[in-house]
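K.L.:
Here you go, this is work02.txt (compact mmCIF, C-alpha atoms and all ligand atoms).
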# COMPACT_ATOMS: atom_id res chain seq x y z
CA MET A 1 -20.49 3.55 1.86
CA ASP A 2 -22.97 0.92 0.70
CA ASP A 3 -21.60 1.18 -2.82
CA ILE A 4 -18.08 0.53 -1.58
CA GLN A 5 -19.26 -2.49 0.41
CA ILE A 6 -21.15 -3.89 -2.55
CA ASP A 7 -18.16 -3.37 -4.84
CA LEU A 8 -15.80 -5.10 -2.47
CA ALA A 9 -18.17 -7.97 -1.92
CA ALA A 10 -18.51 -8.37 -5.68
CA PHE A 11 -14.76 -8.15 -6.06
CA ARG A 12 -14.25 -10.86 -3.45
CA THR A 13 -16.70 -13.12 -5.26
CA GLU A 14 -14.98 -12.48 -8.58
CA VAL A 15 -11.56 -13.36 -7.13
CA ARG A 16 -12.89 -16.41 -5.30
CA ASN A 17 -14.62 -17.75 -8.41
CA TRP A 18 -11.61 -17.10 -10.59
CA LEU A 19 -9.33 -18.92 -8.14
CA ALA A 20 -11.74 -21.86 -8.00
CA ASP A 21 -11.55 -22.13 -11.79
CA ASN A 22 -7.89 -21.34 -12.37
CA LEU A 23 -5.77 -22.62 -9.48
CA PRO A 24 -4.62 -26.08 -10.60
CA PRO A 25 -4.67 -28.86 -7.97
CA GLU A 26 -0.94 -29.54 -8.39
CA LEU A 27 -0.13 -25.94 -7.44
CA ARG A 28 -2.47 -26.13 -4.47
CA GLN A 29 -0.69 -29.29 -3.38
CA ALA A 30 2.73 -27.66 -3.85
CA HIS A 31 1.65 -24.89 -1.47
CA LYS A 32 0.19 -27.37 0.99
CA ARG A 33 3.47 -29.24 1.15
CA ALA A 34 5.71 -26.14 1.25
CA THR A 35 7.71 -25.95 4.46
CA SER A 36 9.56 -22.67 3.94
CA VAL A 37 8.69 -19.23 2.62
CA PHE A 38 7.79 -20.11 -0.94
CA VAL A 39 7.41 -23.04 -3.28
CA GLU A 40 9.97 -24.41 -5.77
CA LYS A 41 10.78 -22.18 -8.74
CA ALA A 42 8.85 -24.33 -11.27
CA TYR A 43 5.59 -24.09 -9.28
CA ASN A 44 6.27 -20.44 -8.56
CA LEU A 45 6.60 -19.56 -12.24
CA ALA A 46 3.67 -21.73 -13.26
CA TRP A 47 1.40 -19.76 -10.93
CA GLN A 48 2.96 -16.46 -12.01
CA ALA A 49 2.17 -17.29 -15.66
CA ILE A 50 -1.49 -17.97 -14.82
CA LEU A 51 -1.76 -14.71 -12.88
CA LEU A 52 -0.01 -12.83 -15.67
CA ARG A 53 -2.59 -13.96 -18.24
CA LYS A 54 -5.31 -12.60 -15.97
CA GLY A 55 -3.39 -9.34 -15.33
CA TRP A 56 -3.19 -10.01 -11.59
CA VAL A 57 0.47 -10.81 -11.13
CA ALA A 58 1.55 -7.51 -9.55
CA PRO A 59 -1.18 -6.11 -7.29
CA ASN A 60 1.29 -3.65 -5.73
CA TRP A 61 2.56 -2.12 -8.97
CA PRO A 62 1.15 1.01 -10.58
CA VAL A 63 -1.01 0.43 -13.66
CA GLU A 64 1.47 2.05 -16.06
CA HIS A 65 3.95 -0.75 -15.35
CA GLY A 66 1.43 -3.58 -15.53
CA GLY A 67 -0.08 -3.44 -12.03
CA THR A 68 -3.75 -3.93 -11.29
CA GLY A 69 -4.71 -0.43 -10.13
CA TRP A 70 -6.45 -1.96 -7.11
CA ASN A 71 -6.84 -0.01 -3.89
CA GLU A 72 -5.44 -1.42 -0.64
CA ALA A 73 -8.74 -3.06 0.30
CA GLN A 74 -8.82 -4.94 -3.01
CA ARG A 75 -5.19 -5.99 -2.61
CA TYR A 76 -5.93 -7.27 0.84
CA ILE A 77 -8.98 -9.19 -0.38
CA PHE A 78 -6.93 -10.69 -3.19
CA ALA A 79 -4.17 -11.80 -0.78
CA SER A 80 -6.74 -13.28 1.62
CA GLU A 81 -8.55 -15.14 -1.12
CA CYS A 82 -5.28 -16.53 -2.51
CA ALA A 83 -4.35 -17.75 0.99
CA ARG A 84 -7.84 -19.19 1.52
CA ALA A 85 -7.69 -21.04 -1.81
CA GLY A 86 -4.23 -22.43 -0.98
CA ALA A 87 -2.40 -20.64 -3.82
CA PRO A 88 1.42 -20.70 -3.74
CA ASN A 89 3.26 -17.59 -2.56
CA LEU A 90 5.17 -15.98 -5.40
CA SER A 91 8.84 -15.23 -4.80
CA PRO A 92 8.93 -11.74 -3.27
CA MET A 93 12.50 -10.91 -4.31
CA GLY A 94 11.58 -9.69 -7.79
CA LEU A 95 7.97 -8.52 -7.80
CA LYS A 96 7.78 -7.10 -4.28
CA MET A 97 11.33 -6.14 -3.41
CA VAL A 98 13.52 -5.08 -6.32
CA ALA A 99 10.69 -3.89 -8.60
CA PRO A 100 9.57 -0.97 -6.38
CA VAL A 101 13.16 0.30 -6.05
CA ILE A 102 13.75 0.00 -9.80
CA MET A 103 10.61 2.13 -10.23
CA LYS A 104 11.85 4.63 -7.65
CA TYR A 105 15.58 4.85 -8.39
CA GLY A 106 16.03 3.29 -11.84
CA SER A 107 16.75 5.10 -15.10
CA GLU A 108 14.10 5.02 -17.82
CA ALA A 109 16.20 2.42 -19.67
CA GLN A 110 16.40 0.21 -16.55
CA LYS A 111 12.66 0.42 -15.99
CA ALA A 112 11.92 -0.42 -19.62
CA TYR A 113 14.30 -3.39 -19.59
CA TYR A 114 13.73 -5.00 -16.20
CA LEU A 115 10.08 -4.44 -15.30
CA PRO A 116 8.42 -6.33 -18.20
CA LYS A 117 10.80 -9.28 -17.76
CA LEU A 118 10.13 -9.32 -14.05
CA LEU A 119 6.41 -9.34 -14.65
CA ALA A 120 6.71 -12.17 -17.14
CA GLY A 121 8.84 -14.29 -14.77
CA GLU A 122 11.71 -14.27 -17.28
CA HIS A 123 13.94 -12.73 -14.63
CA TYR A 124 13.95 -14.66 -11.36
CA TRP A 125 15.78 -12.66 -8.67
CA CYS A 126 17.79 -13.33 -5.55
CA GLN A 127 18.99 -10.90 -2.89
CA GLY A 128 22.72 -10.38 -2.30
CA TYR A 129 22.84 -8.40 0.95
CA SER A 130 24.25 -10.58 3.76
CA GLU A 131 27.89 -11.64 3.99
CA PRO A 132 29.69 -13.99 6.39
CA GLN A 133 30.73 -10.96 8.52
CA ALA A 134 27.78 -8.67 7.75
CA GLY A 135 24.20 -9.55 8.62
CA SER A 136 22.56 -7.35 11.22
CA ASP A 137 25.45 -4.96 10.79
CA LEU A 138 24.81 -4.79 7.06
CA ALA A 139 26.80 -1.57 6.59
CA GLY A 140 29.90 -3.63 7.41
CA LEU A 141 29.66 -5.47 4.08
CA GLN A 142 32.96 -6.02 2.30
CA LEU A 143 32.25 -7.40 -1.19
CA ARG A 144 34.73 -5.30 -3.20
CA ALA A 145 33.70 -3.58 -6.40
CA ASP A 146 36.75 -1.93 -7.95
CA SER A 147 36.24 0.52 -10.78
CA ASP A 148 37.77 -0.51 -14.12
CA GLY A 149 36.65 1.68 -17.02
CA ASP A 150 32.97 1.03 -17.71
CA ASP A 151 32.87 -1.93 -15.32
CA TYR A 152 33.18 -2.87 -11.67
CA ILE A 153 35.25 -5.92 -10.76
CA LEU A 154 33.75 -7.84 -7.84
CA ASN A 155 35.58 -10.04 -5.33
CA GLY A 156 34.19 -11.57 -2.13
CA SER A 157 31.10 -13.50 -1.13
CA LYS A 158 27.43 -13.30 -0.15
CA ILE A 159 25.73 -15.79 2.17
CA TRP A 160 22.22 -17.08 2.98
CA THR A 161 21.24 -16.11 -0.56
CA THR A 162 17.79 -17.66 -0.95
CA HIS A 163 17.16 -19.32 -4.34
CA ALA A 164 20.56 -18.19 -5.74
CA HIS A 165 20.86 -21.71 -7.20
CA VAL A 166 17.78 -21.17 -9.37
CA ALA A 167 17.81 -17.38 -9.86
CA ASN A 168 19.08 -15.81 -13.08
CA HIS A 169 19.46 -12.32 -11.56
CA MET A 170 20.75 -10.87 -8.31
CA PHE A 171 20.40 -7.44 -6.74
CA CYS A 172 23.51 -6.89 -4.74
CA LEU A 173 25.15 -4.47 -2.32
CA VAL A 174 28.85 -3.91 -2.97
CA ARG A 175 31.59 -1.75 -1.48
CA THR A 176 32.90 0.86 -3.90
CA SER A 177 34.71 2.95 -1.29
CA ARG A 178 36.31 2.56 2.13
CA ASP A 179 36.38 6.29 2.90
CA GLY A 180 33.96 8.04 5.27
CA ARG A 181 31.10 6.31 7.09
CA PRO A 182 30.65 2.63 6.06
CA GLN A 183 27.18 3.44 4.64
CA GLU A 184 28.65 5.97 2.22
CA GLY A 185 30.80 3.52 0.30
CA ILE A 186 27.97 1.12 -0.63
CA THR A 187 26.58 0.79 -4.16
CA PHE A 188 23.52 -1.13 -5.39
CA LEU A 189 24.05 -3.33 -8.47
CA LEU A 190 21.77 -5.46 -10.66
CA MET A 191 23.48 -8.44 -12.30
CA GLU A 192 22.99 -11.70 -14.12
CA MET A 193 23.90 -14.90 -12.31
CA ASP A 194 25.57 -16.64 -15.25
CA ILE A 195 28.50 -14.24 -15.65
CA THR A 196 32.03 -15.61 -15.41
CA GLY A 197 33.40 -15.79 -11.87
CA ILE A 198 30.13 -16.36 -9.95
CA SER A 199 29.79 -19.72 -8.19
CA VAL A 200 26.97 -20.91 -5.94
CA GLN A 201 27.34 -23.43 -3.10
CA PRO A 202 24.28 -24.91 -1.36
CA ILE A 203 23.53 -24.60 2.38
CA TYR A 204 21.00 -27.13 3.73
CA SER A 205 18.59 -26.19 6.51
CA ILE A 206 18.10 -28.23 9.71
CA ALA A 207 14.96 -29.69 8.07
CA GLY A 208 17.02 -30.97 5.11
CA ASP A 209 15.80 -28.40 2.57
CA HIS A 210 17.94 -26.50 0.08
CA ASP A 211 16.66 -22.93 0.00
CA PHE A 212 19.75 -20.84 0.53
CA ASN A 213 23.36 -20.70 -0.57
CA GLN A 214 26.73 -19.04 -0.34
CA VAL A 215 27.67 -17.15 -3.51
CA PHE A 216 31.32 -16.49 -4.40
CA PHE A 217 32.60 -13.70 -6.68
CA ASP A 218 35.99 -14.14 -8.31
CA ASN A 219 36.90 -11.16 -10.53
CA VAL A 220 33.30 -10.80 -11.69
CA ARG A 221 32.88 -7.98 -14.21
CA VAL A 222 29.62 -6.01 -13.89
CA PRO A 223 28.94 -3.07 -16.24
CA LYS A 224 28.39 0.27 -14.46
CA VAL A 225 25.13 0.78 -16.36
CA ASN A 226 23.77 -1.99 -14.10
CA ARG A 227 24.06 0.30 -11.09
CA LEU A 228 20.78 1.36 -9.49
CA GLY A 229 21.11 4.96 -8.30
CA GLU A 230 24.42 6.74 -7.84
CA GLU A 231 27.72 5.21 -6.83
CA GLY A 232 28.06 5.32 -3.05
CA ARG A 233 24.30 5.90 -2.54
CA GLY A 234 23.28 2.24 -2.43
CA TRP A 235 22.48 2.38 1.27
CA THR A 236 19.42 4.58 0.61
CA VAL A 237 18.15 2.15 -2.04
CA ALA A 238 18.88 -0.83 0.24
CA LYS A 239 16.94 0.62 3.17
CA THR A 240 13.90 1.43 1.02
CA LEU A 241 13.90 -2.11 -0.31
CA LEU A 242 14.08 -3.56 3.22
CA GLU A 243 10.99 -1.61 4.21
CA TYR A 244 9.10 -3.26 1.34
CA GLU A 245 10.57 -6.65 2.35
CA ARG A 246 9.41 -6.23 5.96
CA SER A 247 5.98 -4.94 5.11
CA ALA A 248 4.94 -8.30 3.68
CA ALA A 249 1.30 -9.21 4.28
CA TYR A 250 1.13 -11.75 7.11
CA ALA A 251 -2.49 -11.85 8.29
CA ALA A 252 -4.03 -13.73 5.36
CA GLY A 253 -1.44 -16.53 5.57
CA LEU A 254 -1.70 -16.66 9.37
CA VAL A 255 -5.48 -17.07 9.21
CA GLU A 256 -5.07 -20.07 6.89
CA ALA A 257 -2.15 -21.56 8.85
CA LEU A 258 -4.20 -21.37 12.04
CA ALA A 259 -7.24 -22.90 10.33
CA GLU A 260 -5.07 -25.77 9.11
CA VAL A 261 -3.75 -26.50 12.60
CA ARG A 262 -7.29 -26.24 13.97
CA ALA A 263 -8.49 -28.82 11.43
CA ALA A 264 -5.64 -31.13 12.48
CA ALA A 265 -6.55 -30.64 16.15
CA LYS A 266 -10.17 -31.48 15.37
CA GLN A 267 -9.11 -34.63 13.55
CA ALA A 268 -6.93 -35.60 16.53
CA GLU A 269 -9.91 -34.90 18.86
CA LEU A 270 -7.95 -32.30 20.81
CA LEU A 271 -10.39 -29.41 20.64
CA ASP A 272 -12.04 -30.32 23.95
CA ASP A 273 -8.76 -29.80 25.79
CA PRO A 274 -9.04 -26.40 27.60
CA ALA A 275 -5.28 -25.71 27.31
CA ILE A 276 -5.37 -26.27 23.53
CA ARG A 277 -8.53 -24.18 23.18
CA ARG A 278 -6.88 -21.30 25.05
CA ARG A 279 -3.89 -21.37 22.71
CA PHE A 280 -6.18 -21.21 19.69
CA ALA A 281 -8.11 -18.30 21.23
CA GLU A 282 -4.91 -16.35 21.98
CA LEU A 283 -3.55 -16.94 18.49
CA ASP A 284 -6.84 -15.94 16.94
CA SER A 285 -6.80 -12.56 18.69
CA GLN A 286 -3.14 -12.01 17.74
CA VAL A 287 -3.91 -12.67 14.08
CA ARG A 288 -6.80 -10.17 14.18
CA THR A 289 -4.52 -7.51 15.69
CA ILE A 290 -1.91 -8.09 12.98
CA HIS A 291 -4.64 -7.77 10.38
CA ALA A 292 -5.55 -4.32 11.76
CA VAL A 293 -1.91 -3.11 11.72
CA GLU A 294 -1.47 -4.44 8.22
CA ASP A 295 -4.44 -2.38 7.04
CA MET A 296 -2.68 0.74 8.35
CA VAL A 297 0.58 -0.11 6.58
CA LEU A 298 -1.14 -0.96 3.30
CA ALA A 299 -3.05 2.32 3.46
CA ALA A 300 0.23 4.24 3.91
CA ILE A 301 1.84 2.44 0.96
CA GLY A 302 -1.32 3.03 -1.09
CA LYS A 303 -0.92 6.78 -0.50
CA GLY A 304 2.66 6.63 -1.79
CA ARG A 305 4.29 6.83 1.64
CA ASP A 306 7.11 4.53 2.74
CA PRO A 307 5.85 2.15 5.41
CA GLY A 308 8.51 3.33 7.91
CA PRO A 309 8.78 1.78 11.41
CA ALA A 310 5.32 0.19 11.16
CA SER A 311 6.86 -2.41 8.84
CA SER A 312 9.26 -3.35 11.68
CA MET A 313 6.33 -3.79 14.06
CA LEU A 314 4.52 -5.96 11.54
CA LYS A 315 7.59 -8.07 10.88
CA VAL A 316 8.07 -8.82 14.59
CA GLN A 317 4.42 -9.59 15.28
CA GLY A 318 3.81 -11.48 12.03
CA THR A 319 6.82 -13.78 12.32
CA GLU A 320 6.44 -14.46 16.04
CA CYS A 321 2.77 -15.30 15.63
CA GLN A 322 3.68 -17.59 12.72
CA GLN A 323 6.18 -19.39 14.95
CA ARG A 324 3.62 -19.83 17.72
CA ILE A 325 1.19 -21.38 15.20
CA GLN A 326 3.96 -23.72 14.02
CA GLU A 327 4.73 -24.72 17.63
CA LEU A 328 1.07 -25.53 18.15
CA GLY A 329 1.16 -27.53 14.88
CA VAL A 330 3.95 -29.72 16.28
CA ASP A 331 2.12 -30.22 19.60
CA VAL A 332 -1.06 -31.17 17.76
CA ALA A 333 0.84 -33.63 15.54
CA GLY A 334 2.16 -35.31 18.72
CA ILE A 335 4.26 -38.41 18.06
CA TYR A 336 3.68 -38.09 14.30
CA ALA A 337 5.83 -34.94 14.33
CA ALA A 338 8.87 -37.13 15.07
CA PRO A 339 9.52 -39.25 11.92
CA TYR A 340 11.76 -37.67 9.24
CA GLN A 341 9.66 -38.15 6.08
CA PHE A 342 11.52 -35.86 3.68
CA GLU A 343 10.52 -37.62 0.46
CA ALA A 344 6.86 -38.01 1.33
CA ARG A 345 6.45 -34.32 2.09
CA GLN A 346 7.72 -33.11 -1.30
CA ALA A 347 5.09 -31.70 -3.68
CA GLY A 348 4.03 -34.31 -6.23
CA SER A 349 5.47 -37.22 -4.19
CA ASN A 350 3.48 -40.43 -3.89
CA ALA A 351 5.78 -41.96 -1.27
CA GLY A 352 3.95 -43.57 1.66
CA PHE A 353 4.00 -41.99 5.12
CA VAL A 354 2.92 -42.61 8.68
CA GLY A 355 0.39 -40.44 10.54
CA PRO A 356 -2.06 -37.87 9.20
CA GLU A 357 -1.03 -35.76 6.18
CA SER A 358 -1.10 -32.57 8.26
CA ALA A 359 1.69 -33.98 10.46
CA LEU A 360 4.00 -34.53 7.48
CA THR A 361 5.06 -30.88 7.28
CA ALA A 362 4.63 -29.85 10.95
CA THR A 363 8.23 -30.33 12.11
CA ALA A 364 9.89 -29.00 8.96
CA ARG A 365 7.69 -25.88 9.16
CA TYR A 366 8.60 -25.47 12.81
CA PHE A 367 12.35 -25.71 12.07
CA ASN A 368 12.33 -23.60 8.90
CA GLY A 369 10.02 -21.12 10.61
CA ARG A 370 12.77 -20.28 13.14
CA ALA A 371 14.41 -18.40 10.28
CA ALA A 372 11.51 -15.95 9.92
CA SER A 373 12.58 -13.93 12.96
CA ILE A 374 16.15 -13.78 11.56
CA TYR A 375 15.86 -12.99 7.86
CA GLY A 376 14.80 -9.59 6.54
CA GLY A 377 16.61 -8.12 9.56
CA SER A 378 16.34 -10.03 12.84
CA ASN A 379 13.53 -9.23 15.26
CA GLU A 380 16.01 -7.86 17.79
CA ILE A 381 17.12 -5.36 15.16
CA GLN A 382 13.48 -4.49 14.38
CA ARG A 383 12.96 -3.78 18.08
CA ASN A 384 16.01 -1.49 18.04
CA ILE A 385 14.56 0.37 15.03
CA MET A 386 11.21 0.85 16.78
CA ALA A 387 12.91 1.97 20.00
CA LYS A 388 14.78 4.63 18.07
CA LEU A 389 12.15 5.83 15.59
CA VAL A 390 8.96 5.42 17.61
CA LEU A 391 10.07 5.84 21.21
CA GLY A 392 13.04 8.14 20.52
CA LEU A 393 15.35 6.07 22.73
C1 LIG A 401 16.22 -18.64 5.87
C2 LIG A 401 17.07 -17.42 5.64
C3 LIG A 401 17.06 -16.85 4.39
C4 LIG A 401 17.83 -15.72 4.14
N1 LIG A 401 17.84 -15.21 2.87
C5 LIG A 401 18.66 -14.15 2.60
C6 LIG A 401 18.76 -13.66 1.25
O1 LIG A 401 18.09 -14.14 0.33
N2 LIG A 401 19.63 -12.64 1.02
C7 LIG A 401 20.37 -12.06 2.02
O2 LIG A 401 21.11 -11.13 1.73
N3 LIG A 401 20.31 -12.53 3.30
C8 LIG A 401 19.48 -13.56 3.60
N4 LIG A 401 19.40 -14.03 4.89
C9 LIG A 401 20.30 -13.47 5.90
C10 LIG A 401 19.64 -12.64 6.97
O3 LIG A 401 19.27 -11.38 6.47
C11 LIG A 401 20.62 -12.54 8.15
O4 LIG A 401 20.74 -13.84 8.70
C12 LIG A 401 20.16 -11.57 9.20
O5 LIG A 401 20.28 -10.25 8.73
C13 LIG A 401 20.98 -11.71 10.51
O6 LIG A 401 22.35 -11.63 10.25
P1 LIG A 401 23.37 -12.75 10.76
O7 LIG A 401 22.84 -14.07 10.36
O8 LIG A 401 24.72 -12.36 10.28
O9 LIG A 401 23.31 -12.69 12.35
P2 LIG A 401 24.06 -11.66 13.29
O10 LIG A 401 23.92 -10.29 12.75
O11 LIG A 401 25.42 -12.16 13.55
O12 LIG A 401 23.19 -11.74 14.61
C14 LIG A 401 23.31 -12.81 15.55
C15 LIG A 401 22.34 -12.54 16.71
O13 LIG A 401 22.68 -11.31 17.39
C16 LIG A 401 21.57 -10.43 17.40
N5 LIG A 401 22.04 -9.06 17.22
C17 LIG A 401 22.94 -8.63 16.31
N6 LIG A 401 23.13 -7.30 16.42
C18 LIG A 401 22.30 -6.87 17.41
C19 LIG A 401 22.03 -5.60 17.99
N7 LIG A 401 22.62 -4.49 17.55
N8 LIG A 401 21.13 -5.52 19.00
C20 LIG A 401 20.49 -6.64 19.44
N9 LIG A 401 20.71 -7.89 18.93
C21 LIG A 401 21.60 -8.00 17.93
C22 LIG A 401 20.70 -10.86 16.23
O14 LIG A 401 19.35 -10.51 16.42
C23 LIG A 401 20.88 -12.37 16.26
O15 LIG A 401 20.03 -12.96 17.20
C24 LIG A 401 18.62 -15.14 5.17
C25 LIG A 401 18.60 -15.71 6.45
C26 LIG A 401 17.84 -16.85 6.69
C27 LIG A 401 17.86 -17.43 8.07
Show how you would write the structure in this file as structure tokens.
Ligand SMILES: Cc1cc2nc3c(=O)[nH]c(=O)nc-3n(C[C@H](O)[C@H](O)[C@H](O)COP(=O)(O)OP(=O)(O)OC[C@H]3O[C@@H](n4cnc5c(N)ncnc54)[C@H](O)[C@@H]3O)c2cc1C
P.N.:
Amino acid sequence: MDDIQIDLAAFRTEVRNWLADNLPPELRQAHKRATSVFVEKAYNLAWQAILLRKGWVAPNWPVEHGGTGWNEAQRYIFASECARAGAPNLSPMGLKMVAPVIMKYGSEAQKAYYLPKLLAGEHYWCQGYSEPQAGSDLAGLQLRADSDGDDYILNGSKIWTTHAHVANHMFCLVRTSRDGRPQEGITFLLMEMDITGISVQPIYSIAGDHDFNQVFFDNVRVPKVNRLGEEGRGWTVAKTLLEYERSAAYAAGLVEALAEVRAAAKQAELLDDPAIRRRFAELDSQVRTIHAVEDMVLAAIGKGRDPGPASSMLKVQGTECQQRIQELGVDVAGIYAAPYQFEARQAGSNAGFVGPESALTATARYFNGRAASIYGGSNEIQRNIMAKLVLGL
């Protein structure tokens, strides 16, 4: 027991020291100014390249594919230390979402082609699941993929596709059949974004940011060898991937987000206010509870088990706690939450601004944070899943 504790303490020190020496200030600032899930692609890839050189870019992957071989405790320590140091979040769509399903369902040729490029950041992925008429009811998706020799021909559209404007690859759910249950006619495809017939239109968020898009497919030809798993069995792949998407680690980021708001409250001399203190205390205990649940989920994944309904529980609690912290951030910022200072809050900007720096991002985080309980399957849907799988309702 002592040995394990000593090892983990030494590991934490190693990670902390390495981050202190290797996380460049401009990447720290990019994270500090980020108002949605992850930073701009350029910062994202810059940090990925640094982690790659160290061999730490894919803590969740098995060693044979370039992972670290860490146990769940080490992965958790690494995530916490990255959050503590203010490191940018890497895009999850490639490393955390499509990679595990390529490992599980991909052919040997697909694994050999995609995984090294994913690790190196050469392939930057987006997720083509949702459509204008298919979000929560994902099985209702209609993007047609008609068989034509060795290819599928795609027609239709995907929406809310995060980073489609900067991604060079998409994993995509398409309809290859209209017979039987809707789930049975779905196929999972991997494709490049620069093929003829794909066009991307931006959608701007209420905070003024461009994170997501609508993607149109006009007679887009995708080779059948790009299919992941069998034709008509894409629903199984899609569901596995969603469990990885929902089992994101929240606690480490929540601890830091709460600490940041607490520092702002201290600066604004609000910490003597009993109502504010109570909100901090409540949030603190929620974050600790999420941390404990996350340990359970990470342990299950570490033993090769799918996270199952626990990932739904974590998604609901993690995102709702995040939103409560963001609400408190706006209240702490007070009147300085009101001005729209879009330029000043961009990473690398030297535009002037009014109010404390912490207030610059408070409102945009609050607005963009509303999306967290919608994407990855809305929280109402997560509650339905738990009611069915856990409570048997
Ligand atoms: C910021 C952001 C980024 C996103 N990025 C991506 C991406 O990269 N790729 C991608 O494919 N998609 C992405 N999405 C889409 C996201 O997955 C969908 O928005 C989500 O699945 C909900 O679908 P919808 O928007 O069609 O809402 P709807 O399904 O129309 O739901 C509307 C409301 O009804 C509720 N509701 C629906 N059905 C039920 C039910 N059965 N029981 C109870 N309540 C129900 C929902 O909870 C919601 O409140 C993103 C969304 C956002 C906001």
K.L.:
Which of these, A:Trp235, A:Ile153, A:Ala10, A:Pro88, has the shortest distance to Leu138 (chain A) once you count all atoms listed in the file?
P.N.:
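Of A:Trp235, A:Ile153, A:Ala10, A:Pro88, the one nearest Leu138 (chain A), counting all atoms listed in the file, is A:Trp235.
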K.L.:
Could you tell me which of A:Ser107, A:Gln183, A:Ser312, A:Asn226 comes closest to Ile385 (chain A) if we count all atoms listed in the file?
P.N.:
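When distances to Ile385 (chain A) are compared using all atoms listed in the file, the smallest one comes from A:Ser312.
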K.L.:
Within 6 Å of ligand LIG 401 (chain A), which residues show up when you count all atoms listed in the file? List them as a PDB file with C-alpha atoms, in the frame of the given file, please.
P.N.:
ATOM      1  CA  CYS A 126      17.790 -13.330  -5.550  1.00  0.00           C
ATOM      2  CA  GLN A 127      18.990 -10.900  -2.890  1.00  0.00           C
ATOM      3  CA  GLY A 128      22.720 -10.380  -2.300  1.00  0.00           C
ATOM      4  CA  TYR A 129      22.840  -8.400   0.950  1.00  0.00           C
ATOM      5  CA  SER A 130      24.250 -10.580   3.760  1.00  0.00           C
ATOM      6  CA  ALA A 134      27.780  -8.670   7.750  1.00  0.00           C
ATOM      7  CA  GLY A 135      24.200  -9.550   8.620  1.00  0.00           C
ATOM      8  CA  SER A 136      22.560  -7.350  11.220  1.00  0.00           C
ATOM      9  CA  ASP A 137      25.450  -4.960  10.790  1.00  0.00           C
ATOM     10  CA  TRP A 160      22.220 -17.080   2.980  1.00  0.00           C
ATOM     11  CA  THR A 161      21.240 -16.110  -0.560  1.00  0.00           C
ATOM     12  CA  THR A 162      17.790 -17.660  -0.950  1.00  0.00           C
ATOM     13  CA  ALA A 371      14.410 -18.400  10.280  1.00  0.00           C
ATOM     14  CA  ILE A 374      16.150 -13.780  11.560  1.00  0.00           C
ATOM     15  CA  TYR A 375      15.860 -12.990   7.860  1.00  0.00           C
ATOM     16  CA  GLY A 376      14.800  -9.590   6.540  1.00  0.00           C
ATOM     17  CA  GLY A 377      16.610  -8.120   9.560  1.00  0.00           C
ATOM     18  CA  SER A 378      16.340 -10.030  12.840  1.00  0.00           C
ATOM     19  CA  GLU A 380      16.010  -7.860  17.790  1.00  0.00           C
ATOM     20  CA  ILE A 381      17.120  -5.360  15.160  1.00  0.00           C
TER      21      ILE A 381
END
K.L.:
Pick out the closest residue to Val287 (chain A) from this set: A:Val261, A:Met313, A:Ala300, A:Val255. Count all atoms listed in the file.
P.N.:
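Closest to Val287 (chain A), using all atoms listed in the file: A:Val255.
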K.L.:
I'd like the interatomic distance between CA of Ala252 (chain A) and CA of Ala79 (chain A), to a tenth of an Å.
P.N.:
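Computing it gives 6.4 Å between the two atoms.
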K.L.:
Around the point (32.3, -5.7, 6.5) in the file's coordinates, collect all residues with an atom within 12 Å, using all atoms listed in the file, and return them as JSON, numbers by chain.
P.N.:
{"A": [129, 130, 131, 132, 133, 134, 135, 136, 137, 138, 139, 140, 141, 142, 143, 144, 156, 157, 158, 173, 174, 175, 177, 178, 182, 183, 185, 186]}
K.L.:
From the list A:Asn368, A:Gln74, A:Ser91, A:Gln29, which residue is nearest Gly348 (chain A) when using only C-alpha atoms?
P.N.:
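Nearest candidate to Gly348 (chain A) out of A:Asn368, A:Gln74, A:Ser91, A:Gln29: A:Gln29.
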K.L.:
Pick the closest to Gln382 (chain A) from A:His31, A:Arg279, A:Arg305, A:Lys315: which is it, counting only C-alpha atoms?
P.N.:
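That would be A:Lys315, the residue with the smallest distance to Gln382 (chain A).
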K.L.:
Would you mind listing what lies within 10 Å of Asp331 (chain A) as a list in words, with only C-alpha atoms counted and same-chain residues fewer than 6 positions away left out?
P.N.:
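The filter keeps Val261, Ala265, Ile276, Ile325, Ala337, Ala359, Ala362 and Thr363 of chain A.
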K.L.:
If I take CA of Ala30 (chain A) and CA of Ala87 (chain A), how far is one from the other in Å, to one decimal?
P.N.:
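CA of Ala30 (chain A) sits 8.7 Å away from CA of Ala87 (chain A).
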K.L.:
Check the smallest atom-to-atom distance from each of A:Thr176, A:Gln322, A:Asn168, A:Gln346 to Val39 (chain A) using only C-alpha atoms, then report the winner.
P.N.:
A:Gln346
